[in-house]
file structure_10.cif (mmCIF, C-alpha atoms)
data_input
loop_
_atom_site.label_atom_id
_atom_site.label_comp_id
_atom_site.auth_asym_id
_atom_site.auth_seq_id
_atom_site.Cartn_x
_atom_site.Cartn_y
_atom_site.Cartn_z
CA MET A 588 0.00 0.00 0.00
CA SER A 589 1.34 3.43 -0.96
CA ILE A 590 2.03 6.03 1.70
CA ILE A 591 0.98 8.76 -0.77
CA ALA A 592 -2.53 10.19 -0.39
CA ASP A 593 -5.04 9.41 -3.14
CA ARG A 594 -5.61 13.11 -3.79
CA MET A 595 -2.04 13.45 -5.04
CA SER A 596 -2.86 11.42 -8.15
CA ALA A 597 -4.54 14.51 -9.61
CA ILE A 598 -1.71 16.91 -8.74
CA LYS A 599 1.11 17.69 -11.14
CA PRO A 600 4.40 19.51 -10.57
CA SER A 601 4.38 23.11 -11.80
CA PRO A 602 5.08 23.02 -15.57
CA THR A 603 6.81 26.40 -15.45
CA MET A 604 9.19 25.20 -12.77
CA ALA A 605 9.81 22.02 -14.77
CA VAL A 606 10.78 24.03 -17.87
CA THR A 607 13.11 26.19 -15.82
CA ALA A 608 14.76 23.10 -14.35
CA LYS A 609 15.20 21.48 -17.78
CA ALA A 610 16.72 24.67 -19.19
CA GLY A 611 19.08 24.79 -16.21
CA GLU A 612 20.21 21.21 -16.83
CA LEU A 613 21.00 21.97 -20.47
CA LYS A 614 22.89 25.13 -19.52
CA ALA A 615 24.96 23.08 -17.06
CA GLN A 616 25.87 20.84 -19.98
CA GLY A 617 27.15 23.84 -21.92
CA VAL A 618 24.13 24.37 -24.18
CA ASP A 619 23.39 28.03 -24.99
CA VAL A 620 19.80 27.94 -23.76
CA ILE A 621 17.65 31.06 -23.77
CA GLY A 622 15.12 30.61 -20.98
CA LEU A 623 11.75 32.23 -21.61
CA GLY A 624 9.82 29.99 -19.25
CA ALA A 625 9.95 31.67 -15.84
CA GLY A 626 7.61 34.51 -14.93
CA GLU A 627 10.21 36.49 -13.06
CA PRO A 628 11.39 40.08 -13.61
CA ASP A 629 15.02 40.37 -14.64
CA PHE A 630 15.22 43.70 -12.81
CA ASP A 631 16.60 43.83 -9.27
CA THR A 632 14.60 44.68 -6.16
CA PRO A 633 14.78 48.50 -5.74
CA ASP A 634 17.52 49.61 -3.38
CA HIS A 635 15.26 51.28 -0.81
CA ILE A 636 13.41 47.99 -0.35
CA LYS A 637 16.59 45.95 0.02
CA GLU A 638 17.91 48.46 2.55
CA ALA A 639 14.72 48.13 4.59
CA GLY A 640 15.16 44.35 4.70
CA LYS A 641 18.79 44.72 5.80
CA ALA A 642 17.84 47.30 8.42
CA ALA A 643 15.23 44.93 9.85
CA ILE A 644 17.87 42.23 10.26
CA ASP A 645 20.33 44.65 11.85
CA ALA A 646 17.63 45.89 14.24
CA GLY A 647 16.93 42.33 15.40
CA LYS A 648 13.50 42.12 13.78
CA THR A 649 14.02 38.43 13.16
CA LYS A 650 11.49 36.94 15.58
CA TYR A 651 7.98 35.59 15.15
CA THR A 652 5.35 38.06 13.99
CA PRO A 653 1.55 37.87 14.14
CA THR A 654 0.17 35.24 11.76
CA ASN A 655 -1.58 37.89 9.68
CA GLY A 656 1.47 40.17 9.54
CA ILE A 657 2.91 43.09 11.44
CA PRO A 658 0.35 45.88 12.05
CA GLU A 659 2.40 48.43 10.09
CA LEU A 660 2.33 46.26 6.98
CA ARG A 661 -1.37 45.54 7.28
CA GLN A 662 -2.03 49.27 7.56
CA ALA A 663 0.10 49.85 4.47
CA VAL A 664 -2.06 47.34 2.58
CA VAL A 665 -5.23 49.13 3.72
CA ASP A 666 -3.75 52.44 2.59
CA LYS A 667 -2.66 51.00 -0.74
CA PHE A 668 -6.12 49.67 -1.57
CA LYS A 669 -7.72 53.01 -0.65
CA ARG A 670 -5.15 55.11 -2.50
CA GLU A 671 -4.86 53.07 -5.68
CA ASN A 672 -8.15 51.15 -5.95
CA ASP A 673 -10.68 53.19 -3.97
CA LEU A 674 -11.42 50.18 -1.75
CA THR A 675 -11.96 50.74 1.97
CA TYR A 676 -10.92 48.01 4.39
CA ASP A 677 -10.15 47.76 8.08
CA ILE A 678 -6.76 46.47 9.21
CA SER A 679 -8.55 43.36 10.52
CA GLN A 680 -9.55 42.51 6.95
CA VAL A 681 -5.94 42.09 5.77
CA HIS A 682 -4.26 38.73 5.22
CA ILE A 683 -0.49 38.58 4.67
CA GLY A 684 0.84 35.36 3.15
CA VAL A 685 4.02 33.75 1.91
CA GLY A 686 3.61 35.06 -1.63
CA GLY A 687 0.44 35.44 -3.66
CA LYS A 688 0.39 31.69 -4.25
CA GLN A 689 -0.06 30.92 -0.57
CA VAL A 690 -2.74 33.59 -0.20
CA LEU A 691 -4.72 31.88 -2.97
CA PHE A 692 -4.09 28.47 -1.41
CA ASN A 693 -5.23 29.64 2.03
CA ALA A 694 -8.43 31.12 0.60
CA ILE A 695 -9.28 27.99 -1.35
CA MET A 696 -8.52 25.65 1.56
CA ALA A 697 -10.54 27.81 3.93
CA THR A 698 -13.68 27.88 1.79
CA LEU A 699 -14.14 24.78 -0.37
CA ASN A 700 -16.19 21.77 0.64
CA ASP A 701 -16.02 18.53 -1.33
CA GLY A 702 -17.68 19.03 -4.70
CA ASP A 703 -17.79 22.83 -4.62
CA GLU A 704 -17.14 24.25 -8.07
CA VAL A 705 -14.66 26.98 -8.96
CA ILE A 706 -14.93 28.66 -12.37
CA ILE A 707 -11.50 29.14 -13.91
CA PRO A 708 -11.23 30.97 -17.25
CA ALA A 709 -8.78 29.20 -19.56
CA PRO A 710 -6.00 29.91 -20.25
CA TYR A 711 -5.21 30.11 -16.57
CA TRP A 712 -2.24 30.29 -14.24
CA VAL A 713 -1.08 26.71 -13.78
CA SER A 714 -1.63 26.50 -10.01
CA TYR A 715 -5.32 27.43 -9.83
CA PRO A 716 -6.77 24.01 -10.79
CA ASP A 717 -4.46 21.96 -8.60
CA MET A 718 -5.19 24.13 -5.58
CA VAL A 719 -8.90 23.52 -6.09
CA LEU A 720 -8.33 19.77 -6.46
CA ILE A 721 -6.22 19.59 -3.29
CA ALA A 722 -9.08 21.22 -1.38
CA GLY A 723 -11.60 18.71 -2.72
CA GLY A 724 -13.24 21.13 -5.11
CA THR A 725 -14.03 20.82 -8.80
CA PRO A 726 -12.38 23.16 -11.32
CA VAL A 727 -14.81 24.27 -14.02
CA PHE A 728 -12.89 25.53 -17.04
CA VAL A 729 -14.33 28.13 -19.38
CA GLU A 730 -12.42 28.41 -22.63
CA CYS A 731 -11.53 31.99 -23.55
CA THR A 732 -10.07 31.86 -27.02
CA GLU A 733 -7.85 34.12 -29.05
CA ASP A 734 -10.93 35.44 -30.87
CA ALA A 735 -12.24 36.67 -27.49
CA GLN A 736 -8.90 38.30 -26.68
CA PHE A 737 -8.48 35.54 -24.05
CA LYS A 738 -11.14 37.16 -21.85
CA LEU A 739 -14.23 35.70 -20.18
CA SER A 740 -17.51 36.72 -21.79
CA PRO A 741 -20.64 37.22 -19.67
CA GLU A 742 -22.45 34.61 -21.77
CA LYS A 743 -19.86 31.92 -21.08
CA LEU A 744 -19.78 32.83 -17.39
CA GLU A 745 -23.56 32.55 -17.14
CA ALA A 746 -23.49 29.14 -18.80
CA ALA A 747 -20.84 27.84 -16.39
CA ILE A 748 -22.59 28.78 -13.13
CA THR A 749 -24.45 26.07 -11.24
CA ASP A 750 -25.88 25.77 -7.75
CA LYS A 751 -22.51 24.26 -6.74
CA THR A 752 -20.45 27.25 -7.91
CA LYS A 753 -18.63 28.90 -5.01
CA TRP A 754 -15.89 31.00 -6.66
CA LEU A 755 -14.92 32.67 -9.90
CA ILE A 756 -11.18 33.27 -10.22
CA LEU A 757 -10.22 36.32 -12.26
CA ASN A 758 -6.63 37.23 -13.17
CA SER A 759 -6.01 40.58 -14.84
CA PRO A 760 -3.54 41.28 -16.35
CA SER A 761 -3.31 37.60 -17.05
CA ASN A 762 -0.65 35.00 -16.65
CA PRO A 763 -0.22 33.47 -19.27
CA THR A 764 -1.71 35.80 -21.90
CA GLY A 765 -1.12 39.34 -20.66
CA ALA A 766 -4.77 40.10 -21.48
CA ALA A 767 -6.35 42.67 -19.17
CA TYR A 768 -10.00 43.42 -18.39
CA THR A 769 -11.25 46.96 -18.91
CA ALA A 770 -13.77 48.51 -16.54
CA ALA A 771 -16.48 47.70 -19.09
CA ASP A 772 -15.31 44.07 -19.29
CA LEU A 773 -15.45 43.77 -15.50
CA GLN A 774 -18.89 45.38 -15.31
CA ALA A 775 -20.23 42.83 -17.79
CA VAL A 776 -18.87 40.01 -15.63
CA ALA A 777 -20.20 41.68 -12.48
CA ASP A 778 -23.69 42.00 -13.94
CA VAL A 779 -23.81 38.21 -14.26
CA LEU A 780 -22.49 37.65 -10.75
CA LEU A 781 -25.07 39.97 -9.27
CA ARG A 782 -27.72 37.51 -10.44
CA HIS A 783 -25.98 34.65 -8.60
CA PRO A 784 -25.39 35.66 -4.97
CA GLN A 785 -23.81 32.30 -4.05
CA VAL A 786 -20.78 33.00 -6.28
CA TRP A 787 -17.80 34.82 -4.79
CA VAL A 788 -14.96 36.44 -6.72
CA MET A 789 -11.27 35.77 -6.13
CA THR A 790 -9.39 38.41 -8.13
CA ASP A 791 -5.66 37.93 -8.64
CA ASP A 792 -4.26 41.39 -9.39
CA MET A 793 -0.56 40.51 -9.13
CA TYR A 794 0.33 42.30 -12.39
CA GLU A 795 -1.67 45.45 -11.60
CA HIS A 796 1.23 47.86 -12.17
CA LEU A 797 2.54 46.18 -15.31
CA VAL A 798 0.24 47.66 -17.97
CA TYR A 799 1.00 49.41 -21.26
CA ASP A 800 -0.40 51.73 -23.94
CA ASP A 801 -2.36 53.88 -21.49
CA PHE A 802 -4.38 50.89 -20.25
CA GLU A 803 -6.17 51.86 -17.03
CA PHE A 804 -6.21 49.07 -14.46
CA LYS A 805 -9.39 48.44 -12.46
CA THR A 806 -10.32 45.67 -10.04
CA ILE A 807 -13.81 44.21 -9.93
CA ALA A 808 -14.95 45.39 -6.47
CA GLN A 809 -13.89 48.90 -7.49
CA VAL A 810 -16.00 48.72 -10.66
CA GLU A 811 -19.02 47.12 -8.97
CA PRO A 812 -19.24 48.00 -5.26
CA LYS A 813 -22.22 45.65 -4.82
CA LEU A 814 -19.72 42.77 -5.07
CA PHE A 815 -17.45 44.17 -2.35
CA ASP A 816 -18.77 41.86 0.38
CA ARG A 817 -18.11 38.71 -1.66
CA THR A 818 -14.81 39.61 -3.27
CA LEU A 819 -11.32 38.62 -2.14
CA THR A 820 -8.85 41.05 -3.72
CA ILE A 821 -5.36 39.55 -3.93
CA ASN A 822 -2.09 41.28 -4.77
CA GLY A 823 1.59 41.15 -3.84
CA VAL A 824 5.05 42.57 -4.30
CA SER A 825 6.61 39.85 -6.46
CA LYS A 826 6.17 41.24 -9.96
CA ALA A 827 6.00 45.05 -9.88
CA PHE A 828 8.68 45.34 -7.19
CA ALA A 829 10.83 42.47 -8.53
CA MET A 830 10.58 40.66 -5.19
CA THR A 831 9.77 37.11 -6.31
CA GLY A 832 12.16 35.50 -3.84
CA TRP A 833 11.05 37.59 -0.86
CA ARG A 834 7.66 35.83 -0.77
CA MET A 835 4.96 38.27 0.29
CA GLY A 836 1.41 38.37 -0.98
CA TYR A 837 -1.61 40.00 0.55
CA ALA A 838 -5.38 40.10 0.30
CA CYS A 839 -8.36 41.95 1.70
CA GLY A 840 -11.90 40.68 1.98
CA PRO A 841 -14.79 40.00 4.36
CA LEU A 842 -13.68 39.53 7.95
CA ASP A 843 -14.96 35.96 8.40
CA LEU A 844 -13.04 34.84 5.31
CA ILE A 845 -9.84 36.59 6.42
CA LYS A 846 -10.09 34.99 9.88
CA ALA A 847 -10.44 31.54 8.30
CA MET A 848 -7.44 32.17 6.05
CA ASN A 849 -5.40 33.29 9.05
CA ASN A 850 -6.35 30.06 10.84
CA ILE A 851 -5.11 28.00 7.89
CA GLN A 852 -1.84 29.91 7.87
CA SER A 853 -1.39 29.59 11.63
CA GLN A 854 -1.25 25.81 11.20
CA SER A 855 1.08 25.84 8.18
CA ALA A 856 3.63 28.57 7.50
CA SER A 857 2.83 30.62 10.65
CA HIS A 858 3.72 33.85 8.79
CA THR A 859 5.93 35.19 6.06
CA SER A 860 9.46 36.08 7.15
CA SER A 861 9.82 39.07 9.43
CA MET A 862 12.46 40.83 7.32
CA THR A 863 10.37 40.31 4.20
CA GLN A 864 7.48 42.05 5.93
CA TYR A 865 9.61 45.10 6.71
CA ALA A 866 10.97 45.17 3.15
CA SER A 867 7.41 44.91 1.82
CA LEU A 868 6.38 47.77 4.09
CA ALA A 869 9.01 49.89 2.35
CA ALA A 870 7.69 48.74 -1.03
CA LEU A 871 4.08 49.68 -0.31
CA THR A 872 4.86 53.01 1.35
CA GLY A 873 7.84 54.07 -0.77
CA PRO A 874 8.25 55.66 -4.20
CA LEU A 875 7.01 54.07 -7.41
CA ASP A 876 9.16 56.25 -9.63
CA PHE A 877 11.10 53.23 -10.92
CA LEU A 878 7.98 51.70 -12.51
CA PRO A 879 7.57 53.94 -15.59
CA GLU A 880 11.14 53.30 -16.70
CA ARG A 881 10.83 49.56 -16.20
CA ASN A 882 7.44 49.41 -17.89
CA ALA A 883 8.87 51.27 -20.87
CA VAL A 884 11.49 48.54 -21.18
CA TYR A 885 8.84 45.81 -20.90
CA LYS A 886 6.71 47.53 -23.54
CA GLU A 887 9.67 47.77 -25.91
CA ARG A 888 10.39 44.07 -25.39
CA ARG A 889 6.73 43.17 -25.87
CA ASP A 890 6.58 45.03 -29.16
CA ILE A 891 9.77 43.38 -30.43
CA VAL A 892 8.56 39.90 -29.48
CA VAL A 893 5.06 40.35 -30.94
CA ASP A 894 6.48 41.73 -34.19
CA MET A 895 9.09 39.00 -34.60
CA LEU A 896 6.74 36.15 -33.68
CA ASN A 897 4.15 37.34 -36.17
CA GLN A 898 6.85 37.06 -38.84
CA ALA A 899 7.37 33.38 -37.97
CA GLU A 900 5.63 30.85 -40.22
CA GLY A 901 2.56 29.31 -38.62
CA ILE A 902 2.45 31.65 -35.59
CA ASN A 903 -0.09 34.33 -34.69
CA CYS A 904 0.56 36.51 -31.64
CA LEU A 905 -1.83 39.03 -30.09
CA THR A 906 -0.50 42.17 -28.42
CA PRO A 907 -1.17 41.94 -24.66
CA GLU A 908 -2.18 44.87 -22.47
CA GLY A 909 -0.12 43.92 -19.44
CA ALA A 910 2.09 41.51 -17.46
CA PHE A 911 5.22 40.26 -19.29
CA TYR A 912 3.94 37.33 -21.32
CA VAL A 913 2.75 36.61 -24.82
CA TYR A 914 0.64 33.59 -25.71
CA PRO A 915 1.00 32.98 -29.43
CA SER A 916 -1.04 30.47 -31.38
CA ILE A 917 0.91 27.78 -33.22
CA ALA A 918 -2.08 26.40 -35.09
CA GLY A 919 -0.17 26.82 -38.35
CA CYS A 920 2.60 24.53 -37.10
CA ILE A 921 0.46 21.60 -35.99
CA GLY A 922 0.81 18.52 -38.17
CA LYS A 923 4.27 19.39 -39.39
CA THR A 924 7.58 17.67 -38.63
CA SER A 925 10.72 19.28 -37.20
CA LYS A 926 14.11 18.93 -38.84
CA GLY A 927 15.03 16.61 -35.96
CA GLY A 928 12.20 14.28 -36.96
CA ARG A 929 9.72 15.16 -34.22
CA LYS A 930 6.08 15.20 -35.29
CA ILE A 931 4.42 18.41 -34.07
CA ALA A 932 1.04 17.02 -33.05
CA THR A 933 0.63 19.19 -29.92
CA ASP A 934 2.03 22.35 -28.40
CA SER A 935 4.00 20.12 -26.01
CA ASP A 936 5.72 18.62 -29.05
CA PHE A 937 6.42 22.12 -30.33
CA VAL A 938 8.09 23.41 -27.17
CA THR A 939 10.06 20.18 -26.69
CA ALA A 940 11.43 20.32 -30.23
CA LEU A 941 12.11 24.05 -29.91
CA LEU A 942 14.18 23.42 -26.78
CA GLU A 943 16.02 20.43 -28.22
CA GLU A 944 16.74 21.89 -31.65
CA GLU A 945 17.06 25.64 -31.05
CA ALA A 946 17.72 25.81 -27.27
CA VAL A 947 14.78 28.11 -26.53
CA ALA A 948 12.82 27.23 -23.38
CA SER A 949 9.13 28.13 -23.29
CA VAL A 950 5.97 26.60 -21.80
CA GLN A 951 3.34 24.62 -23.70
CA GLY A 952 -0.20 25.95 -23.85
CA GLU A 953 -1.52 22.62 -22.56
CA ALA A 954 -0.19 23.60 -19.12
CA PHE A 955 -2.47 26.65 -19.11
CA GLY A 956 -5.56 24.91 -20.43
CA LEU A 957 -5.71 26.26 -23.99
CA SER A 958 -3.99 24.73 -27.01
CA PRO A 959 -2.35 25.00 -29.48
CA HIS A 960 -0.39 27.88 -27.95
CA PHE A 961 2.82 28.45 -26.03
CA ARG A 962 3.83 31.02 -23.45
CA ILE A 963 6.88 33.23 -23.64
CA SER A 964 8.01 35.48 -20.82
CA TYR A 965 9.67 38.64 -22.08
CA ALA A 966 11.06 39.49 -18.64
CA THR A 967 14.60 38.97 -19.88
CA SER A 968 17.17 41.01 -21.78
CA THR A 969 16.22 42.59 -25.09
CA ASN A 970 19.20 41.00 -26.85
CA ALA A 971 18.25 37.56 -25.56
CA LEU A 972 14.68 38.05 -26.73
CA LYS A 973 15.77 39.08 -30.21
CA GLU A 974 18.03 36.04 -30.48
CA ALA A 975 15.29 33.74 -29.14
CA CYS A 976 12.75 35.06 -31.64
CA THR A 977 15.27 34.64 -34.46
CA ARG A 978 15.68 31.01 -33.40
CA ILE A 979 11.90 30.55 -33.26
CA GLN A 980 11.55 31.99 -36.76
CA ARG A 981 14.27 29.61 -37.97
CA PHE A 982 12.64 26.67 -36.21
CA CYS A 983 9.21 27.40 -37.73
CA ALA A 984 10.73 27.87 -41.20
CA SER A 985 12.38 24.46 -40.90
CA LEU A 986 9.13 22.61 -40.21
CA SER A 987 7.90 20.51 -43.10
#

call {"tool": "encode", "arguments": {"input": "structure_10.cif", "output": "C-alpha cells"}}
result
Amino acid sequence: MSIIADRMSAIKPSPTMAVTAKAGELKAQGVDVIGLGAGEPDFDTPDHIKEAGKAAIDAGKTKYTPTNGIPELRQAVVDKFKRENDLTYDISQVHIGVGGKQVLFNAIMATLNDGDEVIIPAPYWVSYPDMVLIAGGTPVFVECTEDAQFKLSPEKLEAAITDKTKWLILNSPSNPTGAAYTAADLQAVADVLLRHPQVWVMTDDMYEHLVYDDFEFKTIAQVEPKLFDRTLTINGVSKAFAMTGWRMGYACGPLDLIKAMNNIQSQSASHTSSMTQYASLAALTGPLDFLPERNAVYKERRDIVVDMLNQAEGINCLTPEGAFYVYPSIAGCIGKTSKGGRKIATDSDFVTALLEEEAVASVQGEAFGLSPHFRISYATSTNALKEACTRIQRFCASLS
C-alpha cells in the first residue's frame, strides 16, 4: 500500500518550474539555452526595499510576527487599496501570506467543501486548478479563445454557473496571456455575478502595475461596489517590485473569510518572514518612480517579441495589455515535422522540439488549459529576446 494520499494522483508539478529546471540542466551541460519559461522580472529589487530588509535584520527584527502580519504592513495594505483602488478596508480585513500563491491556497482551503465548483477561465495560471483539487473542489474551465482576446464573456460565465459554484477566479492582467480586463469588461462580468449571490470572486491582481499603452487598471470590487462583500482582492510585491524570492502576498476581503485564512496559515507557514514584511512595508509606502522606466522597457520588449513572432511561419501573436507574457497560437505549425524528426502534433511537441533543436525554453499551452499555444516570458534582456525570436523563426521555417 502506498504512503501517498489518493488526492495526489490529480496533482502535477508546476510546468513552469519544470521548464526552468530542464533549461538549467541543459545550460549546465554547456548548451546556450535562452530561458523564456519563468515569470520572473530580470530587474533587481529596488535599493530602498533591500535596505529596509537589511535594516530589519540589523535591528533584530528576526522573531515571530503575528500570523496575519505586522500591524504596520497591514495598515500599508489598507492604505494601498484606498489610494490606488478606492477600496476601503479595516486592518482586521488584511491577510499577509508567503507570496500570492499561498494567499490563494489559504483562501481555497478555507472555503471549499467537497464538490464545490470553482470557475476558472482558460487559459489560466497553472496553479489554480491543482489548488482547487487539493481542497476537494471541482475546477470548471471556461475556454476563452484568441478570438475573445483571451477574456471571459458574460455569456460563457452565465453558462458555467451552477448551484454548486462557489468561486470565480479572475486574473487581470493575465498569466499566461497578458490580457487585461477593462472597466467595461469587468462590469459585464459583475452583472452576471449579481444575479448569482452564491458566487464569490477571487481576483488575482498581481500584475496590476505592469500595464502598457495607457491601459487603465481596475479591479472588480472597485467597478461594482455591490460585489465588495463577496470579493477577495489579492495582490503582492513579487512582480512590480521584482521581489519574487522575498515571498509576500496580501489580500483583503470579508472579515470571516480573512479569519479563516489566518487560521489555515497559523497551522502551516505561521507567517511570512519578518524581514520580508519590513521590506514589503518599504515597497508599499515608498516611491514608485522606478515603474515607468521599467514598464517602458517591458513595452519595448513586448513590441519586439510580438512583431518577430508574427513574422514566424505558422504563428499568430496578439499584443497583450499587461504583465510580461505573450501567448502565441501555433495552429499553423500543428501537423508538421521538425528537422530533428519530431512530429508536431501538440504544443508540447512544439516546445520540446524548440528546446532540443534551437535551445529556446518556453511553456506549452496545454499547461495553461488552452492549445495549441505556447507562453513566452519577455522578462529577460532585449538582446536575448531578439536572439530567441530569431531562433523561433528559424525553427518554424524548418518545419515541413

call {"tool": "atom_distance", "arguments": {"input": "structure_10.cif", "atom1": "atom CA of Met789 of chain A", "atom2": "atom CA of Leu691 of chain A"}}
result
8.2 Å

call {"tool": "closest_residue", "arguments": {"input": "structure_10.cif", "among": "A:His960, A:Ala694, A:Leu660, A:Leu942", "to": "Tyr865 of chain A", "atoms": "all atoms listed in the file"}}
result
A:Leu660

call {"tool": "atom_distance", "arguments": {"input": "structure_10.cif", "atom1": "atom CA of Ala746 of chain A", "atom2": "atom CA of Val779 of chain A"}}
result
10.1 Å

call {"tool": "closest_residue", "arguments": {"input": "structure_10.cif", "among": "A:Thr607, A:Gln662, A:Asn882, A:Ser916", "to": "His796 of chain A", "atoms": "only C-alpha atoms"}}
result
A:Asn882

call {"tool": "closest_residue", "arguments": {"input": "structure_10.cif", "among": "A:Ile621, A:Glu953, A:Pro602, A:Asp701", "to": "Leu941 of chain A", "atoms": "only C-alpha atoms"}}
result
A:Ile621

call {"tool": "resolve_selection", "arguments": {"input": "structure_10.cif", "expression": "the PyMOL selection byres ((chain A and resi 927) around 12)", "output": "PDB file with C-alpha atoms, in the coordinates of the input"}}
result
ATOM      1  CA  LYS A 923       4.270  19.390 -39.390  1.00  0.00           C
ATOM      2  CA  THR A 924       7.580  17.670 -38.630  1.00  0.00           C
ATOM      3  CA  SER A 925      10.720  19.280 -37.200  1.00  0.00           C
ATOM      4  CA  LYS A 926      14.110  18.930 -38.840  1.00  0.00           C
ATOM      5  CA  GLY A 928      12.200  14.280 -36.960  1.00  0.00           C
ATOM      6  CA  ARG A 929       9.720  15.160 -34.220  1.00  0.00           C
ATOM      7  CA  LYS A 930       6.080  15.200 -35.290  1.00  0.00           C
ATOM      8  CA  ILE A 931       4.420  18.410 -34.070  1.00  0.00           C
ATOM      9  CA  ASP A 936       5.720  18.620 -29.050  1.00  0.00           C
ATOM     10  CA  PHE A 937       6.420  22.120 -30.330  1.00  0.00           C
ATOM     11  CA  THR A 939      10.060  20.180 -26.690  1.00  0.00           C
ATOM     12  CA  ALA A 940      11.430  20.320 -30.230  1.00  0.00           C
ATOM     13  CA  LEU A 941      12.110  24.050 -29.910  1.00  0.00           C
ATOM     14  CA  LEU A 942      14.180  23.420 -26.780  1.00  0.00           C
ATOM     15  CA  GLU A 943      16.020  20.430 -28.220  1.00  0.00           C
ATOM     16  CA  GLU A 944      16.740  21.890 -31.650  1.00  0.00           C
ATOM     17  CA  GLU A 945      17.060  25.640 -31.050  1.00  0.00           C
ATOM     18  CA  PHE A 982      12.640  26.670 -36.210  1.00  0.00           C
ATOM     19  CA  SER A 985      12.380  24.460 -40.900  1.00  0.00           C
ATOM     20  CA  LEU A 986       9.130  22.610 -40.210  1.00  0.00           C
ATOM     21  CA  SER A 987       7.900  20.510 -43.100  1.00  0.00           C
TER      22      SER A 987
END

call {"tool": "atom_distance", "arguments": {"input": "structure_10.cif", "atom1": "atom CA of Asp894 of chain A", "atom2": "atom CA of Asp631 of chain A"}}
result
27.0 Å

call {"tool": "residues_around", "arguments": {"input": "structure_10.cif", "residues": "segment 899-910 of chain A", "least_positions_apart": "5", "cutoff": "10 Å", "atoms": "only C-alpha atoms", "output": "JSON, numbers by chain"}}
result
{"A": [626, 733, 734, 736, 737, 759, 760, 761, 762, 763, 764, 765, 766, 767, 768, 769, 793, 794, 795, 796, 797, 798, 799, 800, 801, 802, 803, 804, 826, 827, 882, 885, 886, 889, 890, 892, 893, 894, 915, 916, 917, 918, 919, 920, 921, 960, 964, 965, 966, 976, 977, 978, 979, 980, 981, 982, 983, 984, 985, 986]}

call {"tool": "closest_residue", "arguments": {"input": "structure_10.cif", "among": "A:Lys609, A:Arg670, A:Lys599, A:His635", "to": "Pro874 of chain A", "atoms": "all atoms listed in the file"}}
result
A:His635

call {"tool": "residues_around", "arguments": {"input": "structure_10.cif", "residues": "Ser740 of chain A", "least_positions_apart": "4", "cutoff": "8 Å", "atoms": "all atoms listed in the file", "output": "CSV table (one decimal) with C-alpha atoms, in the coordinates of the input"}}
result
chain,number,residue,atom,x,y,z
A,731,CYS,CA,-11.5,32.0,-23.6
A,735,ALA,CA,-12.2,36.7,-27.5
A,744,LEU,CA,-19.8,32.8,-17.4
A,775,ALA,CA,-20.2,42.8,-17.8
A,776,VAL,CA,-18.9,40.0,-15.6

call {"tool": "residues_near_point", "arguments": {"input": "structure_10.cif", "point": "(-9.4, 39.0, -7.5)", "cutoff": "8 Å", "atoms": "only C-alpha atoms", "output": "PyMOL selection string"}}
result
chain A and resi 756-758+788-792+806-807+818-821
